[in-house]
Amino acid sequence: MAEFKGTKGKWIYNKELQQHSGYRIIVSESNKIIHKSENKNGLSEEEIEANAKLIASAPELLETLTKLHQAISSGNIHSLSEWNYKAKVLTYEILKP
C-alpha cells in the first residue's frame with residue numbers, strides 16, 4: 001500500500017490561534033501550519049468549526065481506514081474490533097458539538 005506523503009503525526013485545530021488571527025488554523029505536532037482558512041464563503045461559524053475538526057482529524061482517519069482494510073483483508077477479528085472501535089471514537093469526536 002502507498003505511504004502518505006503529507007505531514008506526518010497528529011494535526012491539531014488550534015482555537016487559540018484562531019482567536020488572535022481570525023483564521024482557522026490546523027497545525028502539526030511540531031507547530032507547522034497545515035491549513036489556514038478564513039470565512040470568505042459565507043459559511044456559518046458552525047460549518048467552519050466542523051470543517052476544521054474534520055481536516056485536523058484526517059491523519060487519524062487515514063490510519064484507521066488503512067488498519068480496518070488490513071484487518072478485513074487478513075481476517076484478523078481482534079484487530080478489526082480494535083480499529084472499528086477507534087473509528088467509532090473518531091467519528092464521535094468529529095461530530096460532537
# chains A, B, ... in the order shown; residues from 1 in each chain; ligands from 1
>>> residues_around(residues="A:Glu93", least_positions_apart="3", cutoff="12 Å", atoms="only C-alpha atoms", output="list in words")
Ala50, Lys53, Leu54, Ala56, Ser57, Glu60, Leu61, Lys86, Ala87, Lys88, Val89, Leu90, Lys96 and Pro97 of chain A
>>> residues_around(residues="A:Lys32", least_positions_apart="2", cutoff="12 Å", atoms="only C-alpha atoms", output="number ranges by chain")
A: 7-14, 25-30, 34-36
>>> residues_around(residues="A:Glu82", least_positions_apart="2", cutoff="10 Å", atoms="only C-alpha atoms", output="JSON, numbers by chain")
{"A": [64, 67, 68, 71, 77, 78, 79, 80, 84, 85, 86, 87]}
>>> write_last_selection(atoms="N, CA and C atoms", output="mmCIF file, in the first residue's frame")
data_model
loop_
_atom_site.group_PDB
_atom_site.id
_atom_site.type_symbol
_atom_site.label_atom_id
_atom_site.label_comp_id
_atom_site.auth_asym_id
_atom_site.auth_seq_id
_atom_site.Cartn_x
_atom_site.Cartn_y
_atom_site.Cartn_z
ATOM 1 N N THR A 64 -6.844 4.880 10.538
ATOM 2 C CA THR A 64 -7.914 3.965 10.927
ATOM 3 C C THR A 64 -8.481 3.230 9.720
ATOM 4 N N LYS A 67 -5.912 0.616 8.617
ATOM 5 C CA LYS A 67 -5.854 -0.526 9.539
ATOM 6 C C LYS A 67 -7.118 -1.382 9.434
ATOM 7 N N LEU A 68 -8.276 -0.751 9.253
ATOM 8 C CA LEU A 68 -9.511 -1.511 9.055
ATOM 9 C C LEU A 68 -9.416 -2.357 7.782
ATOM 10 N N ALA A 71 -7.161 -5.293 8.458
ATOM 11 C CA ALA A 71 -7.811 -6.278 9.323
ATOM 12 C C ALA A 71 -8.845 -7.095 8.557
ATOM 13 N N ILE A 77 -9.909 -10.808 13.336
ATOM 14 C CA ILE A 77 -11.100 -10.334 14.047
ATOM 15 C C ILE A 77 -10.737 -9.406 15.209
ATOM 16 N N HIS A 78 -9.683 -9.739 15.969
ATOM 17 C CA HIS A 78 -9.271 -8.899 17.098
ATOM 18 C C HIS A 78 -8.881 -7.502 16.616
ATOM 19 N N SER A 79 -8.074 -7.443 15.582
ATOM 20 C CA SER A 79 -7.634 -6.162 15.027
ATOM 21 C C SER A 79 -8.817 -5.398 14.430
ATOM 22 N N LEU A 80 -9.708 -6.103 13.768
ATOM 23 C CA LEU A 80 -10.894 -5.475 13.190
ATOM 24 C C LEU A 80 -11.729 -4.820 14.284
ATOM 25 N N ASN A 84 -12.313 -0.879 14.538
ATOM 26 C CA ASN A 84 -13.707 -0.470 14.450
ATOM 27 C C ASN A 84 -14.051 0.443 15.626
ATOM 28 N N TYR A 85 -13.561 0.091 16.812
ATOM 29 C CA TYR A 85 -13.785 0.932 17.989
ATOM 30 C C TYR A 85 -13.129 2.300 17.792
ATOM 31 N N LYS A 86 -11.899 2.314 17.288
ATOM 32 C CA LYS A 86 -11.193 3.570 17.020
ATOM 33 C C LYS A 86 -11.986 4.434 16.043
ATOM 34 N N ALA A 87 -12.573 3.804 15.016
ATOM 35 C CA ALA A 87 -13.384 4.542 14.038
ATOM 36 C C ALA A 87 -14.603 5.173 14.714
#
>>> select_by_dssp(residues="stretch 5-45 of chain A", states="strand (DSSP E)", output="JSON, numbers by chain")
{"A": [11, 12, 13, 24, 25, 26, 27, 28, 33, 34, 35, 36, 37]}
>>> write_last_selection(atoms="N, CA, C and O atoms", output="compact mmCIF listing (two decimals), in the first residue's frame")
# COMPACT_ATOMS: atom_id res chain seq x y z
N TRP A 11 -2.47 16.15 13.78
CA TRP A 11 -2.80 17.52 13.38
C TRP A 11 -3.75 18.08 14.43
O TRP A 11 -4.63 17.38 14.93
N ILE A 12 -3.60 19.35 14.75
CA ILE A 12 -4.35 19.96 15.84
C ILE A 12 -5.06 21.22 15.34
O ILE A 12 -4.44 22.08 14.71
N TYR A 13 -6.35 21.30 15.63
CA TYR A 13 -7.11 22.52 15.36
C TYR A 13 -6.85 23.46 16.53
O TYR A 13 -7.27 23.20 17.64
N ARG A 24 -8.96 30.04 10.84
CA ARG A 24 -8.99 28.69 11.40
C ARG A 24 -7.66 28.06 11.02
O ARG A 24 -7.33 28.00 9.85
N ILE A 25 -6.89 27.64 12.01
CA ILE A 25 -5.55 27.15 11.75
C ILE A 25 -5.39 25.72 12.26
O ILE A 25 -5.71 25.43 13.42
N ILE A 26 -4.89 24.84 11.39
CA ILE A 26 -4.57 23.46 11.73
C ILE A 26 -3.05 23.38 11.74
O ILE A 26 -2.40 23.77 10.76
N VAL A 27 -2.47 22.91 12.85
CA VAL A 27 -1.02 22.80 12.96
C VAL A 27 -0.62 21.36 13.23
O VAL A 27 -1.41 20.56 13.72
N SER A 28 0.64 21.05 12.91
CA SER A 28 1.19 19.73 13.20
C SER A 28 1.68 19.71 14.64
O SER A 28 1.73 20.74 15.31
N ILE A 33 2.19 25.01 10.25
CA ILE A 33 0.82 25.24 9.76
C ILE A 33 0.52 24.27 8.62
O ILE A 33 1.24 24.19 7.64
N ILE A 34 -0.55 23.49 8.80
CA ILE A 34 -1.01 22.53 7.81
C ILE A 34 -2.07 23.18 6.92
O ILE A 34 -2.09 23.00 5.72
N HIS A 35 -2.96 23.93 7.55
CA HIS A 35 -4.09 24.52 6.83
C HIS A 35 -4.49 25.80 7.54
O HIS A 35 -4.51 25.87 8.77
N LYS A 36 -4.81 26.84 6.74
CA LYS A 36 -5.27 28.11 7.30
C LYS A 36 -6.43 28.58 6.43
O LYS A 36 -6.32 28.61 5.21
N SER A 37 -7.54 28.91 7.05
CA SER A 37 -8.69 29.38 6.28
C SER A 37 -9.41 30.50 7.01
O SER A 37 -9.31 30.62 8.23
>>> atom_distance(atom1="atom CA of A:Gln18", atom2="atom CA of A:Glu45")
12.1 Å
>>> atom_distance(atom1="atom CA of A:Ser73", atom2="atom CA of A:Leu95")
28.1 Å
>>> decode(residues="stretch 16-62 of chain A", atoms="N, CA and C atoms", output="PDB file, in the first residue's frame")
ATOM      1  N   GLU A  16      -6.989  28.717  19.866  1.00  0.00           N
ATOM      2  CA  GLU A  16      -6.331  29.896  20.439  1.00  0.00           C
ATOM      3  C   GLU A  16      -5.742  30.785  19.328  1.00  0.00           C
ATOM      4  N   LEU A  17      -5.086  30.165  18.350  1.00  0.00           N
ATOM      5  CA  LEU A  17      -4.545  30.929  17.220  1.00  0.00           C
ATOM      6  C   LEU A  17      -5.659  31.595  16.433  1.00  0.00           C
ATOM      7  N   GLN A  18      -6.785  30.923  16.310  1.00  0.00           N
ATOM      8  CA  GLN A  18      -7.923  31.473  15.576  1.00  0.00           C
ATOM      9  C   GLN A  18      -8.425  32.747  16.239  1.00  0.00           C
ATOM     10  N   GLN A  19      -8.449  32.776  17.564  1.00  0.00           N
ATOM     11  CA  GLN A  19      -8.927  33.952  18.282  1.00  0.00           C
ATOM     12  C   GLN A  19      -8.025  35.163  18.041  1.00  0.00           C
ATOM     13  N   HIS A  20      -6.737  34.927  17.870  1.00  0.00           N
ATOM     14  CA  HIS A  20      -5.787  36.018  17.672  1.00  0.00           C
ATOM     15  C   HIS A  20      -5.667  36.454  16.219  1.00  0.00           C
ATOM     16  N   SER A  21      -5.855  35.528  15.287  1.00  0.00           N
ATOM     17  CA  SER A  21      -5.600  35.838  13.875  1.00  0.00           C
ATOM     18  C   SER A  21      -6.864  35.989  13.034  1.00  0.00           C
ATOM     19  N   GLY A  22      -7.974  35.421  13.500  1.00  0.00           N
ATOM     20  CA  GLY A  22      -9.189  35.426  12.703  1.00  0.00           C
ATOM     21  C   GLY A  22      -9.268  34.278  11.719  1.00  0.00           C
ATOM     22  N   TYR A  23      -8.210  33.475  11.629  1.00  0.00           N
ATOM     23  CA  TYR A  23      -8.159  32.324  10.740  1.00  0.00           C
ATOM     24  C   TYR A  23      -8.402  31.047  11.527  1.00  0.00           C
ATOM     25  N   ARG A  24      -8.958  30.037  10.841  1.00  0.00           N
ATOM     26  CA  ARG A  24      -8.995  28.694  11.405  1.00  0.00           C
ATOM     27  C   ARG A  24      -7.665  28.064  11.025  1.00  0.00           C
ATOM     28  N   ILE A  25      -6.891  27.636  12.009  1.00  0.00           N
ATOM     29  CA  ILE A  25      -5.548  27.152  11.749  1.00  0.00           C
ATOM     30  C   ILE A  25      -5.389  25.721  12.265  1.00  0.00           C
ATOM     31  N   ILE A  26      -4.894  24.843  11.389  1.00  0.00           N
ATOM     32  CA  ILE A  26      -4.568  23.464  11.734  1.00  0.00           C
ATOM     33  C   ILE A  26      -3.050  23.385  11.740  1.00  0.00           C
ATOM     34  N   VAL A  27      -2.473  22.911  12.854  1.00  0.00           N
ATOM     35  CA  VAL A  27      -1.020  22.801  12.960  1.00  0.00           C
ATOM     36  C   VAL A  27      -0.618  21.357  13.228  1.00  0.00           C
ATOM     37  N   SER A  28       0.642  21.050  12.906  1.00  0.00           N
ATOM     38  CA  SER A  28       1.189  19.725  13.203  1.00  0.00           C
ATOM     39  C   SER A  28       1.684  19.708  14.639  1.00  0.00           C
ATOM     40  N   GLU A  29       2.102  18.519  15.094  1.00  0.00           N
ATOM     41  CA  GLU A  29       2.662  18.400  16.444  1.00  0.00           C
ATOM     42  C   GLU A  29       3.892  19.283  16.614  1.00  0.00           C
ATOM     43  N   SER A  30       4.615  19.509  15.517  1.00  0.00           N
ATOM     44  CA  SER A  30       5.808  20.359  15.575  1.00  0.00           C
ATOM     45  C   SER A  30       5.463  21.826  15.303  1.00  0.00           C
ATOM     46  N   ASN A  31       4.181  22.148  15.354  1.00  0.00           N
ATOM     47  CA  ASN A  31       3.657  23.505  15.238  1.00  0.00           C
ATOM     48  C   ASN A  31       3.811  24.123  13.849  1.00  0.00           C
ATOM     49  N   LYS A  32       3.887  23.291  12.817  1.00  0.00           N
ATOM     50  CA  LYS A  32       3.904  23.791  11.445  1.00  0.00           C
ATOM     51  C   LYS A  32       2.463  23.955  10.972  1.00  0.00           C
ATOM     52  N   ILE A  33       2.185  25.014  10.250  1.00  0.00           N
ATOM     53  CA  ILE A  33       0.825  25.241   9.760  1.00  0.00           C
ATOM     54  C   ILE A  33       0.517  24.265   8.624  1.00  0.00           C
ATOM     55  N   ILE A  34      -0.547  23.491   8.802  1.00  0.00           N
ATOM     56  CA  ILE A  34      -1.014  22.527   7.813  1.00  0.00           C
ATOM     57  C   ILE A  34      -2.070  23.179   6.919  1.00  0.00           C
ATOM     58  N   HIS A  35      -2.957  23.930   7.547  1.00  0.00           N
ATOM     59  CA  HIS A  35      -4.085  24.523   6.825  1.00  0.00           C
ATOM     60  C   HIS A  35      -4.486  25.805   7.542  1.00  0.00           C
ATOM     61  N   LYS A  36      -4.812  26.836   6.744  1.00  0.00           N
ATOM     62  CA  LYS A  36      -5.275  28.110   7.296  1.00  0.00           C
ATOM     63  C   LYS A  36      -6.430  28.580   6.432  1.00  0.00           C
ATOM     64  N   SER A  37      -7.541  28.910   7.053  1.00  0.00           N
ATOM     65  CA  SER A  37      -8.686  29.382   6.279  1.00  0.00           C
ATOM     66  C   SER A  37      -9.406  30.496   7.014  1.00  0.00           C
ATOM     67  N   GLU A  38     -10.105  31.286   6.247  1.00  0.00           N
ATOM     68  CA  GLU A  38     -10.945  32.320   6.821  1.00  0.00           C
ATOM     69  C   GLU A  38     -12.311  32.237   6.173  1.00  0.00           C
ATOM     70  N   ASN A  39     -13.267  32.873   6.773  1.00  0.00           N
ATOM     71  CA  ASN A  39     -14.631  32.775   6.265  1.00  0.00           C
ATOM     72  C   ASN A  39     -14.909  33.858   5.233  1.00  0.00           C
ATOM     73  N   LYS A  40     -14.650  33.526   3.972  1.00  0.00           N
ATOM     74  CA  LYS A  40     -14.991  34.441   2.885  1.00  0.00           C
ATOM     75  C   LYS A  40     -16.065  33.840   1.987  1.00  0.00           C
ATOM     76  N   ASN A  41     -16.580  32.683   2.378  1.00  0.00           N
ATOM     77  CA  ASN A  41     -17.555  31.978   1.544  1.00  0.00           C
ATOM     78  C   ASN A  41     -18.966  32.035   2.099  1.00  0.00           C
ATOM     79  N   GLY A  42     -19.171  32.775   3.157  1.00  0.00           N
ATOM     80  CA  GLY A  42     -20.496  32.879   3.735  1.00  0.00           C
ATOM     81  C   GLY A  42     -20.930  31.664   4.533  1.00  0.00           C
ATOM     82  N   LEU A  43     -19.979  30.839   4.941  1.00  0.00           N
ATOM     83  CA  LEU A  43     -20.307  29.674   5.768  1.00  0.00           C
ATOM     84  C   LEU A  43     -20.634  30.118   7.183  1.00  0.00           C
ATOM     85  N   SER A  44     -21.462  29.340   7.849  1.00  0.00           N
ATOM     86  CA  SER A  44     -21.767  29.643   9.248  1.00  0.00           C
ATOM     87  C   SER A  44     -20.572  29.268  10.122  1.00  0.00           C
ATOM     88  N   GLU A  45     -20.505  29.847  11.305  1.00  0.00           N
ATOM     89  CA  GLU A  45     -19.427  29.518  12.247  1.00  0.00           C
ATOM     90  C   GLU A  45     -19.437  28.024  12.576  1.00  0.00           C
ATOM     91  N   GLU A  46     -20.639  27.467  12.661  1.00  0.00           N
ATOM     92  CA  GLU A  46     -20.777  26.031  12.946  1.00  0.00           C
ATOM     93  C   GLU A  46     -20.156  25.185  11.830  1.00  0.00           C
ATOM     94  N   GLU A  47     -20.406  25.570  10.576  1.00  0.00           N
ATOM     95  CA  GLU A  47     -19.827  24.851   9.434  1.00  0.00           C
ATOM     96  C   GLU A  47     -18.303  24.960   9.422  1.00  0.00           C
ATOM     97  N   ILE A  48     -17.797  26.152   9.675  1.00  0.00           N
ATOM     98  CA  ILE A  48     -16.349  26.377   9.665  1.00  0.00           C
ATOM     99  C   ILE A  48     -15.681  25.556  10.755  1.00  0.00           C
ATOM    100  N   GLU A  49     -16.271  25.547  11.925  1.00  0.00           N
ATOM    101  CA  GLU A  49     -15.746  24.767  13.054  1.00  0.00           C
ATOM    102  C   GLU A  49     -15.742  23.279  12.722  1.00  0.00           C
ATOM    103  N   ALA A  50     -16.835  22.792  12.167  1.00  0.00           N
ATOM    104  CA  ALA A  50     -16.945  21.370  11.806  1.00  0.00           C
ATOM    105  C   ALA A  50     -15.919  21.001  10.736  1.00  0.00           C
ATOM    106  N   ASN A  51     -15.730  21.862   9.749  1.00  0.00           N
ATOM    107  CA  ASN A  51     -14.738  21.610   8.700  1.00  0.00           C
ATOM    108  C   ASN A  51     -13.330  21.548   9.284  1.00  0.00           C
ATOM    109  N   ALA A  52     -13.015  22.460  10.192  1.00  0.00           N
ATOM    110  CA  ALA A  52     -11.689  22.488  10.815  1.00  0.00           C
ATOM    111  C   ALA A  52     -11.437  21.211  11.613  1.00  0.00           C
ATOM    112  N   LYS A  53     -12.437  20.747  12.347  1.00  0.00           N
ATOM    113  CA  LYS A  53     -12.294  19.499  13.118  1.00  0.00           C
ATOM    114  C   LYS A  53     -12.064  18.309  12.198  1.00  0.00           C
ATOM    115  N   LEU A  54     -12.783  18.272  11.072  1.00  0.00           N
ATOM    116  CA  LEU A  54     -12.635  17.169  10.117  1.00  0.00           C
ATOM    117  C   LEU A  54     -11.244  17.179   9.479  1.00  0.00           C
ATOM    118  N   ILE A  55     -10.782  18.335   9.059  1.00  0.00           N
ATOM    119  CA  ILE A  55      -9.451  18.437   8.453  1.00  0.00           C
ATOM    120  C   ILE A  55      -8.382  18.016   9.456  1.00  0.00           C
ATOM    121  N   ALA A  56      -8.498  18.479  10.695  1.00  0.00           N
ATOM    122  CA  ALA A  56      -7.499  18.151  11.721  1.00  0.00           C
ATOM    123  C   ALA A  56      -7.442  16.655  12.016  1.00  0.00           C
ATOM    124  N   SER A  57      -8.545  15.956  11.834  1.00  0.00           N
ATOM    125  CA  SER A  57      -8.577  14.521  12.135  1.00  0.00           C
ATOM    126  C   SER A  57      -8.166  13.646  10.945  1.00  0.00           C
ATOM    127  N   ALA A  58      -7.840  14.253   9.812  1.00  0.00           N
ATOM    128  CA  ALA A  58      -7.518  13.492   8.596  1.00  0.00           C
ATOM    129  C   ALA A  58      -6.444  12.419   8.791  1.00  0.00           C
ATOM    130  N   PRO A  59      -5.310  12.706   9.453  1.00  0.00           N
ATOM    131  CA  PRO A  59      -4.301  11.648   9.609  1.00  0.00           C
ATOM    132  C   PRO A  59      -4.811  10.438  10.393  1.00  0.00           C
ATOM    133  N   GLU A  60      -5.569  10.689  11.460  1.00  0.00           N
ATOM    134  CA  GLU A  60      -6.108   9.583  12.257  1.00  0.00           C
ATOM    135  C   GLU A  60      -7.159   8.805  11.467  1.00  0.00           C
ATOM    136  N   LEU A  61      -7.967   9.520  10.673  1.00  0.00           N
ATOM    137  CA  LEU A  61      -8.962   8.843   9.840  1.00  0.00           C
ATOM    138  C   LEU A  61      -8.290   7.960   8.793  1.00  0.00           C
ATOM    139  N   LEU A  62      -7.225   8.468   8.172  1.00  0.00           N
ATOM    140  CA  LEU A  62      -6.496   7.683   7.177  1.00  0.00           C
ATOM    141  C   LEU A  62      -5.879   6.444   7.818  1.00  0.00           C
TER     142      LEU A  62
END
